[in-house]
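File shown: model_7.txt (compact mmCIF, C-alpha atoms and all ligand atoms).
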# COMPACT_ATOMS: atom_id res chain seq x y z
CA MET J 14 21.83 71.29 -143.43
CA THR J 15 19.90 68.04 -143.25
CA SER J 16 16.40 68.19 -141.90
CA VAL J 17 15.35 65.33 -139.66
CA ASP J 18 12.25 65.01 -141.82
CA ALA J 19 14.14 64.59 -145.08
CA PRO J 20 13.26 61.39 -146.90
CA ARG J 21 16.08 58.89 -146.53
CA ARG J 22 16.54 58.27 -150.21
CA GLY J 23 19.68 56.25 -149.78
CA ARG J 24 17.89 53.60 -147.78
CA ARG J 25 17.33 50.58 -149.93
CA GLN J 26 14.65 48.00 -149.39
CA TRP J 27 15.65 44.50 -148.18
CA ARG J 28 16.10 42.50 -151.40
CA GLY J 29 15.20 38.98 -150.24
CA VAL J 30 17.55 36.28 -149.02
CA VAL J 31 19.12 35.28 -152.34
CA GLU J 32 20.17 38.80 -153.33
CA GLU J 33 21.24 39.69 -149.78
CA TYR J 34 23.40 36.58 -149.43
CA ARG J 35 24.37 35.86 -153.05
CA GLU J 36 28.01 35.09 -152.27
CA TRP J 37 26.87 32.31 -149.93
CA LEU J 38 24.60 30.72 -152.55
CA PRO J 39 26.88 29.62 -155.40
CA LEU J 40 24.21 27.17 -156.57
CA LEU J 41 22.18 30.15 -157.76
CA ASP J 42 25.01 31.98 -159.51
CA GLY J 43 23.61 33.95 -162.42
CA VAL J 44 20.06 32.73 -161.86
CA PRO J 45 17.30 35.39 -161.94
CA VAL J 46 15.57 35.40 -158.61
CA VAL J 47 11.88 34.97 -157.89
CA SER J 48 11.47 36.88 -154.65
CA LEU J 49 8.82 38.41 -152.43
CA GLY J 50 11.35 40.13 -150.21
CA GLU J 51 11.51 37.18 -147.80
CA GLY J 52 13.90 37.11 -144.84
CA GLY J 53 15.19 40.12 -142.97
CA THR J 54 12.82 39.10 -140.19
CA PRO J 55 13.07 40.77 -136.78
CA LEU J 56 14.93 39.50 -133.76
CA VAL J 57 12.64 40.46 -130.90
CA ARG J 58 13.94 40.33 -127.36
CA SER J 59 11.70 38.25 -125.10
CA GLU J 60 11.70 39.76 -121.61
CA TRP J 61 9.60 36.90 -120.35
CA LEU J 62 11.88 34.13 -121.62
CA SER J 63 14.98 36.09 -120.64
CA ARG J 64 13.70 36.06 -117.05
CA VAL J 65 12.80 32.37 -117.21
CA VAL J 66 16.23 31.46 -118.54
CA ASP J 67 18.10 34.08 -116.46
CA GLY J 68 19.89 35.09 -119.62
CA GLU J 69 19.26 36.91 -122.88
CA VAL J 70 16.61 35.39 -125.15
CA TRP J 71 15.77 36.60 -128.65
CA LEU J 72 12.91 35.45 -130.85
CA LYS J 73 13.61 35.13 -134.58
CA VAL J 74 10.12 35.91 -135.82
CA GLU J 75 9.72 33.94 -139.03
CA GLY J 76 5.97 34.48 -139.21
CA ASP J 77 6.93 37.89 -140.62
CA ASN J 78 7.89 36.29 -143.95
CA PRO J 79 5.70 37.00 -147.02
CA THR J 80 3.50 33.91 -146.69
CA GLY J 81 3.80 33.73 -142.92
CA SER J 82 6.47 31.08 -142.37
CA PHE J 83 10.19 30.44 -142.83
CA LYS J 84 9.36 28.21 -145.81
CA ASP J 85 9.68 31.32 -148.01
CA ARG J 86 13.47 31.36 -147.54
CA GLY J 87 13.84 28.00 -149.23
CA MET J 88 11.06 28.59 -151.70
CA THR J 89 12.63 31.67 -153.32
CA ALA J 90 15.64 29.46 -154.06
CA ALA J 91 13.63 26.42 -155.20
CA ILE J 92 11.29 28.34 -157.49
CA SER J 93 14.16 30.34 -159.00
CA ALA J 94 15.90 27.06 -159.79
CA ALA J 95 12.70 25.58 -161.24
CA LEU J 96 12.39 28.54 -163.60
CA ARG J 97 16.04 28.15 -164.63
CA ASP J 98 15.37 24.46 -165.33
CA ASN J 99 12.44 25.35 -167.62
CA ALA J 100 9.82 23.72 -165.45
CA GLU J 101 6.22 24.41 -166.42
CA ALA J 102 4.80 23.48 -163.06
CA VAL J 103 5.92 22.88 -159.50
CA VAL J 104 4.56 20.25 -157.15
CA CYS J 105 4.61 19.49 -153.46
CA ALA J 106 2.91 17.12 -151.07
CA SER J 107 1.64 19.28 -148.24
CA THR J 108 -1.40 20.52 -146.40
CA GLY J 109 0.43 23.38 -144.87
CA ASN J 110 3.04 26.05 -145.11
CA THR J 111 4.99 24.44 -147.92
CA SER J 112 1.96 24.54 -150.21
CA ALA J 113 1.16 28.12 -149.20
CA SER J 114 4.70 29.28 -149.89
CA MET J 115 5.16 27.28 -153.10
CA SER J 116 1.90 28.59 -154.51
CA ALA J 117 2.80 32.23 -153.88
CA TYR J 118 6.25 31.99 -155.47
CA ALA J 119 4.90 29.89 -158.35
CA ALA J 120 2.24 32.51 -159.04
CA ARG J 121 4.93 35.15 -159.16
CA ALA J 122 7.00 33.06 -161.58
CA GLN J 123 3.90 32.16 -163.64
CA LEU J 124 4.47 28.47 -162.99
CA THR J 125 1.51 26.20 -162.25
CA PRO J 126 1.43 25.18 -158.58
CA ILE J 127 0.22 21.63 -157.93
CA VAL J 128 -0.55 20.65 -154.35
CA LEU J 129 -1.12 17.01 -153.44
CA VAL J 130 -2.99 16.67 -150.15
CA PRO J 131 -3.59 13.44 -148.27
CA HIS J 132 -6.97 12.34 -146.99
CA GLY J 133 -7.87 13.81 -143.60
CA ARG J 134 -7.96 17.13 -141.80
CA ILE J 135 -6.89 20.15 -143.83
CA ALA J 136 -6.02 23.43 -142.06
CA ALA J 137 -8.21 26.01 -143.77
CA GLY J 138 -5.91 29.02 -143.28
CA LYS J 139 -2.96 27.51 -145.08
CA MET J 140 -5.00 25.95 -147.87
CA ALA J 141 -6.73 29.30 -148.41
CA GLN J 142 -3.34 30.67 -149.39
CA ALA J 143 -2.71 27.91 -151.93
CA VAL J 144 -6.17 28.36 -153.40
CA MET J 145 -5.83 32.14 -153.67
CA HIS J 146 -2.47 31.82 -155.40
CA GLY J 147 -4.07 29.60 -158.03
CA ALA J 148 -2.89 26.15 -157.03
CA SER J 149 -4.42 22.98 -158.39
CA VAL J 150 -5.26 21.23 -155.16
CA ILE J 151 -5.55 17.49 -155.67
CA GLN J 152 -6.66 15.26 -152.85
CA VAL J 153 -5.17 11.79 -152.94
CA ARG J 154 -6.90 8.75 -151.46
CA GLY J 155 -3.86 7.88 -149.41
CA ASN J 156 -1.49 9.25 -146.78
CA PHE J 157 1.31 11.81 -146.91
CA ASP J 158 3.86 9.25 -148.09
CA ASP J 159 1.61 8.35 -151.04
CA CYS J 160 1.40 12.05 -151.93
CA LEU J 161 5.16 12.47 -151.78
CA ARG J 162 5.70 9.39 -153.96
CA LEU J 163 3.22 10.73 -156.51
CA ALA J 164 4.92 14.14 -156.45
CA ARG J 165 8.28 12.52 -157.15
CA GLU J 166 6.78 10.51 -160.01
CA LEU J 167 5.20 13.63 -161.53
CA ALA J 168 8.58 15.36 -161.34
CA ASP J 169 10.27 12.38 -163.02
CA GLY J 170 7.79 12.03 -165.86
CA TYR J 171 6.71 15.61 -166.64
CA PRO J 172 8.20 19.13 -166.85
CA VAL J 173 7.49 19.57 -163.16
CA SER J 174 9.85 20.51 -160.33
CA LEU J 175 9.45 18.91 -156.92
CA VAL J 176 9.84 21.46 -154.12
CA ASN J 177 9.31 19.36 -151.02
CA SER J 178 12.19 19.55 -148.54
CA VAL J 179 13.80 16.54 -150.22
CA ASN J 180 14.87 19.24 -152.71
CA PRO J 181 18.28 20.24 -151.25
CA ILE J 182 18.19 23.79 -152.59
CA ARG J 183 15.53 24.64 -150.01
CA LEU J 184 18.05 24.17 -147.21
CA GLN J 185 20.41 26.52 -149.04
CA GLY J 186 17.82 29.28 -148.89
CA GLN J 187 16.88 28.49 -145.31
CA LYS J 188 20.46 28.69 -144.00
CA THR J 189 20.30 32.47 -144.50
CA ALA J 190 18.32 32.73 -141.26
CA ALA J 191 21.47 31.77 -139.33
CA PHE J 192 23.41 34.45 -141.22
CA GLU J 193 20.81 37.04 -140.25
CA VAL J 194 21.02 36.08 -136.58
CA VAL J 195 24.80 36.48 -136.58
CA ASP J 196 24.71 39.70 -138.60
CA ARG J 197 22.20 41.19 -136.18
CA LEU J 198 23.73 40.01 -132.89
CA GLY J 199 27.30 40.56 -134.01
CA GLY J 200 28.17 36.95 -133.24
CA ALA J 201 26.69 33.51 -132.77
CA PRO J 202 24.42 32.90 -129.77
CA ASP J 203 25.34 30.24 -127.18
CA VAL J 204 22.23 28.23 -127.98
CA HIS J 205 19.82 28.14 -130.91
CA VAL J 206 16.41 26.64 -130.17
CA LEU J 207 13.78 25.62 -132.72
CA PRO J 208 10.89 23.26 -133.52
CA VAL J 209 11.68 20.13 -135.53
CA GLY J 210 9.41 18.33 -137.98
CA ASN J 211 11.02 17.13 -141.18
CA ALA J 212 14.21 18.53 -139.65
CA GLY J 213 15.16 20.63 -142.65
CA ASN J 214 15.26 23.86 -140.70
CA VAL J 215 17.50 22.69 -137.88
CA SER J 216 19.84 21.26 -140.52
CA ALA J 217 19.77 24.49 -142.51
CA TYR J 218 20.58 26.69 -139.49
CA TRP J 219 23.46 24.38 -138.62
CA LEU J 220 24.72 24.60 -142.21
CA GLY J 221 24.58 28.39 -142.02
CA TYR J 222 26.45 28.57 -138.71
CA CYS J 223 29.09 26.12 -139.99
CA GLU J 224 29.65 28.14 -143.16
CA TYR J 225 30.04 31.37 -141.20
CA ALA J 226 32.44 29.65 -138.78
CA ALA J 227 34.50 28.17 -141.62
CA ALA J 228 34.82 31.65 -143.14
CA GLY J 229 35.94 33.12 -139.82
CA MET J 230 32.80 35.22 -139.44
CA ILE J 231 32.10 33.74 -135.97
CA ASP J 232 34.41 32.33 -133.32
CA HIS J 233 32.05 29.62 -132.09
CA ARG J 234 28.95 27.77 -133.25
CA PRO J 235 25.85 27.54 -131.06
CA GLN J 236 24.47 24.39 -129.54
CA MET J 237 21.41 23.37 -131.56
CA TRP J 238 18.43 22.48 -129.37
CA GLY J 239 15.54 21.01 -131.36
CA PHE J 240 12.11 20.16 -130.02
CA GLN J 241 9.58 17.73 -131.46
CA ALA J 242 6.00 17.18 -130.32
CA ALA J 243 5.73 14.21 -127.98
CA GLY J 244 3.29 12.46 -130.33
CA ALA J 245 5.66 12.88 -133.26
CA ALA J 246 9.16 12.53 -131.88
CA PRO J 247 11.09 9.98 -133.98
CA LEU J 248 14.37 11.84 -133.50
CA VAL J 249 13.99 11.50 -129.74
CA SER J 250 13.04 7.82 -129.72
CA GLY J 251 15.22 6.89 -132.68
CA VAL J 252 12.38 5.04 -134.43
CA GLN J 253 9.85 6.11 -137.05
CA VAL J 254 6.37 6.98 -135.82
CA SER J 255 3.70 5.45 -138.05
CA HIS J 256 0.79 7.54 -136.73
CA PRO J 257 2.23 10.89 -135.60
CA ASP J 258 -0.25 12.86 -133.56
CA THR J 259 -0.07 16.42 -132.24
CA VAL J 260 -1.96 19.72 -132.29
CA ALA J 261 1.17 21.19 -133.88
CA THR J 262 0.34 20.14 -137.45
CA ALA J 263 3.47 21.68 -139.00
CA ILE J 264 5.66 19.27 -137.04
CA ARG J 265 3.37 16.23 -137.27
CA VAL J 266 6.01 14.14 -139.00
CA GLY J 267 6.78 10.49 -138.30
CA ASN J 268 9.74 9.96 -140.62
CA PRO J 269 11.75 13.20 -141.05
CA ALA J 270 13.24 13.80 -144.51
CA SER J 271 16.42 15.30 -143.03
CA TRP J 272 16.85 12.71 -140.26
CA GLN J 273 20.59 12.16 -140.72
CA LEU J 274 21.40 15.85 -141.11
CA ALA J 275 19.51 16.67 -137.91
CA VAL J 276 21.33 13.98 -135.95
CA ALA J 277 24.62 15.34 -137.28
CA ALA J 278 23.66 18.88 -136.22
CA ARG J 279 22.84 17.64 -132.74
CA GLU J 280 26.08 15.65 -132.38
CA GLU J 281 28.43 18.21 -133.91
CA SER J 282 26.98 21.11 -131.94
CA GLY J 283 26.82 19.26 -128.63
CA GLY J 284 23.10 19.99 -128.67
CA ARG J 285 19.94 18.02 -128.05
CA ILE J 286 16.61 17.01 -129.58
CA ASP J 287 13.86 16.55 -127.00
CA ALA J 288 10.07 16.30 -126.93
CA VAL J 289 7.39 18.63 -125.57
CA SER J 290 3.76 17.76 -124.88
CA ASP J 291 0.85 19.41 -126.67
CA GLU J 292 -0.06 21.06 -123.35
CA GLU J 293 3.40 22.60 -123.07
CA ILE J 294 3.18 23.78 -126.68
CA ILE J 295 -0.21 25.44 -126.17
CA ALA J 296 0.95 27.07 -122.94
CA ALA J 297 4.05 28.49 -124.65
CA GLN J 298 1.96 29.69 -127.60
CA ARG J 299 -0.23 31.66 -125.17
CA GLU J 300 2.72 33.10 -123.27
CA LEU J 301 4.41 34.25 -126.47
CA ALA J 302 1.20 35.97 -127.57
CA SER J 303 0.23 37.53 -124.24
CA ARG J 304 3.68 38.45 -122.91
CA ASP J 305 5.74 39.18 -126.01
CA GLY J 306 3.04 40.22 -128.48
CA VAL J 307 4.17 37.50 -130.86
CA PHE J 308 1.33 35.28 -132.15
CA VAL J 309 2.61 32.04 -133.60
CA GLU J 310 1.02 28.82 -134.77
CA PRO J 311 1.26 25.88 -132.34
CA ALA J 312 4.25 24.17 -133.99
CA SER J 313 6.17 27.43 -133.79
CA ALA J 314 5.91 27.47 -130.01
CA ALA J 315 7.63 24.10 -129.55
CA GLY J 316 11.05 25.71 -129.13
CA ALA J 317 9.89 28.12 -126.43
CA ALA J 318 8.03 25.26 -124.75
CA GLY J 319 11.18 23.16 -124.75
CA LEU J 320 13.27 25.94 -123.29
CA VAL J 321 10.78 26.41 -120.44
CA GLN J 322 10.76 22.65 -119.81
CA LEU J 323 14.56 22.42 -119.63
CA VAL J 324 14.77 25.38 -117.25
CA ALA J 325 12.21 23.67 -114.99
CA ARG J 326 14.43 20.56 -115.04
CA GLY J 327 17.43 22.68 -114.07
CA GLU J 328 19.24 21.94 -117.33
CA VAL J 329 19.84 25.47 -118.57
CA ARG J 330 22.90 27.34 -117.37
CA SER J 331 22.16 30.99 -116.55
CA GLY J 332 23.74 33.95 -118.31
CA GLN J 333 23.53 32.52 -121.82
CA GLN J 334 22.49 34.20 -125.05
CA VAL J 335 19.72 32.15 -126.64
CA VAL J 336 17.90 32.57 -129.96
CA VAL J 337 14.52 30.87 -130.35
CA THR J 338 13.14 30.58 -133.87
CA VAL J 339 9.36 30.95 -133.95
CA THR J 340 8.63 29.48 -137.33
CA GLY J 341 5.17 30.57 -138.50
CA HIS J 342 2.35 33.04 -137.93
CA GLY J 343 -0.52 32.40 -135.54
CA LEU J 344 -3.14 33.51 -138.05
CA LYS J 345 -2.42 30.34 -140.02
CA ASP J 346 -4.42 28.27 -137.57
CA THR J 347 -6.98 30.31 -135.65
CA ASP J 348 -9.01 27.17 -134.91
CA ALA J 349 -6.16 25.82 -132.82
CA ALA J 350 -5.61 29.17 -131.12
CA LEU J 351 -9.25 29.55 -130.13
CA GLN J 352 -9.72 25.96 -128.97
CA GLY J 353 -11.38 26.04 -125.56
CA ARG J 354 -11.44 29.84 -125.43
CA GLN J 355 -14.30 32.22 -125.91
CA LEU J 356 -14.14 35.12 -128.32
CA VAL J 357 -16.37 37.38 -126.25
CA ASP J 358 -15.91 37.87 -122.48
CA ARG J 359 -18.97 39.95 -121.65
CA VAL J 360 -21.97 41.46 -123.40
CA VAL J 361 -23.11 44.92 -122.26
CA GLU J 362 -25.51 47.71 -123.25
CA PRO J 363 -23.90 50.63 -125.16
CA ASP J 364 -23.24 52.45 -121.89
CA LEU J 365 -19.96 53.88 -120.56
CA GLN J 366 -20.30 52.65 -117.04
CA ALA J 367 -21.28 49.17 -118.13
CA ALA J 368 -18.33 48.97 -120.55
CA ALA J 369 -15.89 50.26 -117.91
CA GLU J 370 -17.17 47.78 -115.36
CA ALA J 371 -17.01 44.90 -117.81
CA ALA J 372 -13.43 45.87 -118.65
CA GLY J 373 -12.53 45.98 -114.96
CA LEU J 374 -11.75 49.72 -115.03
CA ARG J 375 -12.34 51.84 -111.93
C1 LIG J 401 7.74 23.43 -141.75
C2 LIG J 401 7.51 23.98 -140.40
C3 LIG J 401 8.14 23.49 -139.25
C4 LIG J 401 9.06 22.32 -139.28
O1 LIG J 401 10.27 22.56 -139.96
P1 LIG J 401 11.13 21.34 -140.49
O2 LIG J 401 12.13 21.94 -141.38
O3 LIG J 401 10.18 20.42 -141.19
O4 LIG J 401 11.71 20.68 -139.27
C5 LIG J 401 7.90 24.10 -138.04
N1 LIG J 401 7.04 25.15 -137.95
C6 LIG J 401 6.41 25.64 -139.03
C7 LIG J 401 5.51 26.79 -138.85
C8 LIG J 401 6.63 25.09 -140.29
O5 LIG J 401 5.99 25.59 -141.35

Could you spell out this file's structure in structure tokens?
Amino acid sequence: MTSVDAPRRGRRQWRGVVEEYREWLPLLDGVPVVSLGEGGTPLVRSEWLSRVVDGEVWLKVEGDNPTGSFKDRGMTAAISAALRDNAEAVVCASTGNTSASMSAYAARAQLTPIVLVPHGRIAAGKMAQAVMHGASVIQVRGNFDDCLRLARELADGYPVSLVNSVNPIRLQGQKTAAFEVVDRLGGAPDVHVLPVGNAGNVSAYWLGYCEYAAAGMIDHRPQMWGFQAAGAAPLVSGVQVSHPDTVATAIRVGNPASWQLAVAAREESGGRIDAVSDEEIIAAQRELASRDGVFVEPASAAGAAGLVQLVARGEVRSGQQVVVTVTGHGLKDTDAALQGRQLVDRVVEPDLQAAAEAAGLR
């Protein structure tokens, strides 16, 4: 007789996206994997957004990845390939989640992480990760494009692998998120919503859905709905933005690396790429945290913000199944989260009645 308390020995731990989806990643055939157990992130039903949409809305919570963003899915693939290629170091131009993720996986592989950061504001939370994982952080007197050019040149002239999203293997790792959605829901959703910066992620999801469809795993592909920040929306306007500006630093991109792929995903899926204001982003970030218990960084709320905006404009048909990817954890950028808010509501003496009153309890 089996006791309900018996340890479930047969239960294996999630092995990370490359091992879990090996047959879909022929590029990494036979390559030993550098993994932190990334992927396998929860799909959390959002009651709030389901009501707003008058349908069924699920959040794919990518902040639950090892370094707190979906970047880990691509990084396990990129760092594994770098190790195979006998790189001694890995480099990226980034002030954000790419550098955090690269540094963690590089540490694990005992490769030297090199982070090139442009002049200007640096988000402390994300850089703290790079620093802790042992990255050489080099500030360049120039902008992001200068950093990316330097990174490419380092990769060309030294035993260094470039892991920015111009490295196509990252999209291979990232497409596994679409597989997980389908495997969990038992089919493709009607609509997949997500934030768009360099547009690698929207392209990777589309790739994943297309591969599953081609293999007969799903009978339809979702519409892809991407949302950029209004101050950094080149895919909406169709022209590069020379000075992108938004509170959502992870999507502050004026010239997306995967521009063509993202346009193809929009066209082929019958989807859309629209813009949301910083105010809409901040409002959605707060709703996600206070209604769903899911704390995301500002960029990660752009998809939810876009969905709310389209419902308000009467452009969302009711009764649909919608997946919204929330891309990174809120703890990455507490400065942004606390902007204009106070940490402490009331100060009281250590007294029961005073505490109860202050808390509004009766
Ligand atoms: C990188 C990132 C994005 C943007 O993804 P792209 O692939 O560049 O479009 C959005 N949110 C977070 C949290 C990110 O780290």

**Asked** Do you know which residues are within 6 Å of ligand LIG 401 (chain J) using only C-alpha atoms and all ligand atoms? Can you write them as a PyMOL selection string?
**Response** chain J and resi 82+110+208-214+263-264+312-313+340-341

**Request:** Using only C-alpha atoms, give me every residue within 10 Å of (16.1, 43.9, -149.9) in file coordinates, as a list of chain:residue names.
**Result:**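 Neighbouring residues, ordered by chain and number, come to J:Arg25, J:Gln26, J:Trp27, J:Arg28, J:Gly29, J:Val30, J:Val31, J:Glu32, J:Glu33, J:Ser48, J:Leu49, J:Gly50, J:Glu51, J:Gly52, J:Gly53.
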
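With all atoms listed in the file as the atoms that count, the residue of J:Ala164, J:Leu72, J:Ala302, J:Ala120 with the shortest distance to J:Ala106 is J:Ala164.
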
**Fill in**
Across J:Val173, J:Ala226, J:Val47, J:Leu41, the smallest distance to J:Val195, with all atoms listed in the file counted, is shown by J:Ala226

**Prompt:** For J:Tyr222, which residue among J:Gln355, J:Asn78, J:Ser178, J:Gln187 is the nearest when counting only C-alpha atoms?
**Reply:** J:Gln187

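Proximity of J:Asn268, J:Ser255, J:Ser216, J:Gln236 to J:Gln185, computed with all atoms listed in the file, is greatest for J:Ser216.
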
**Request:** Go through J:Phe157, J:Trp71, J:Phe83, J:Phe308 and flag the residue nearest J:Val266, using all atoms listed in the file for the distances.
**Result:** J:Phe157
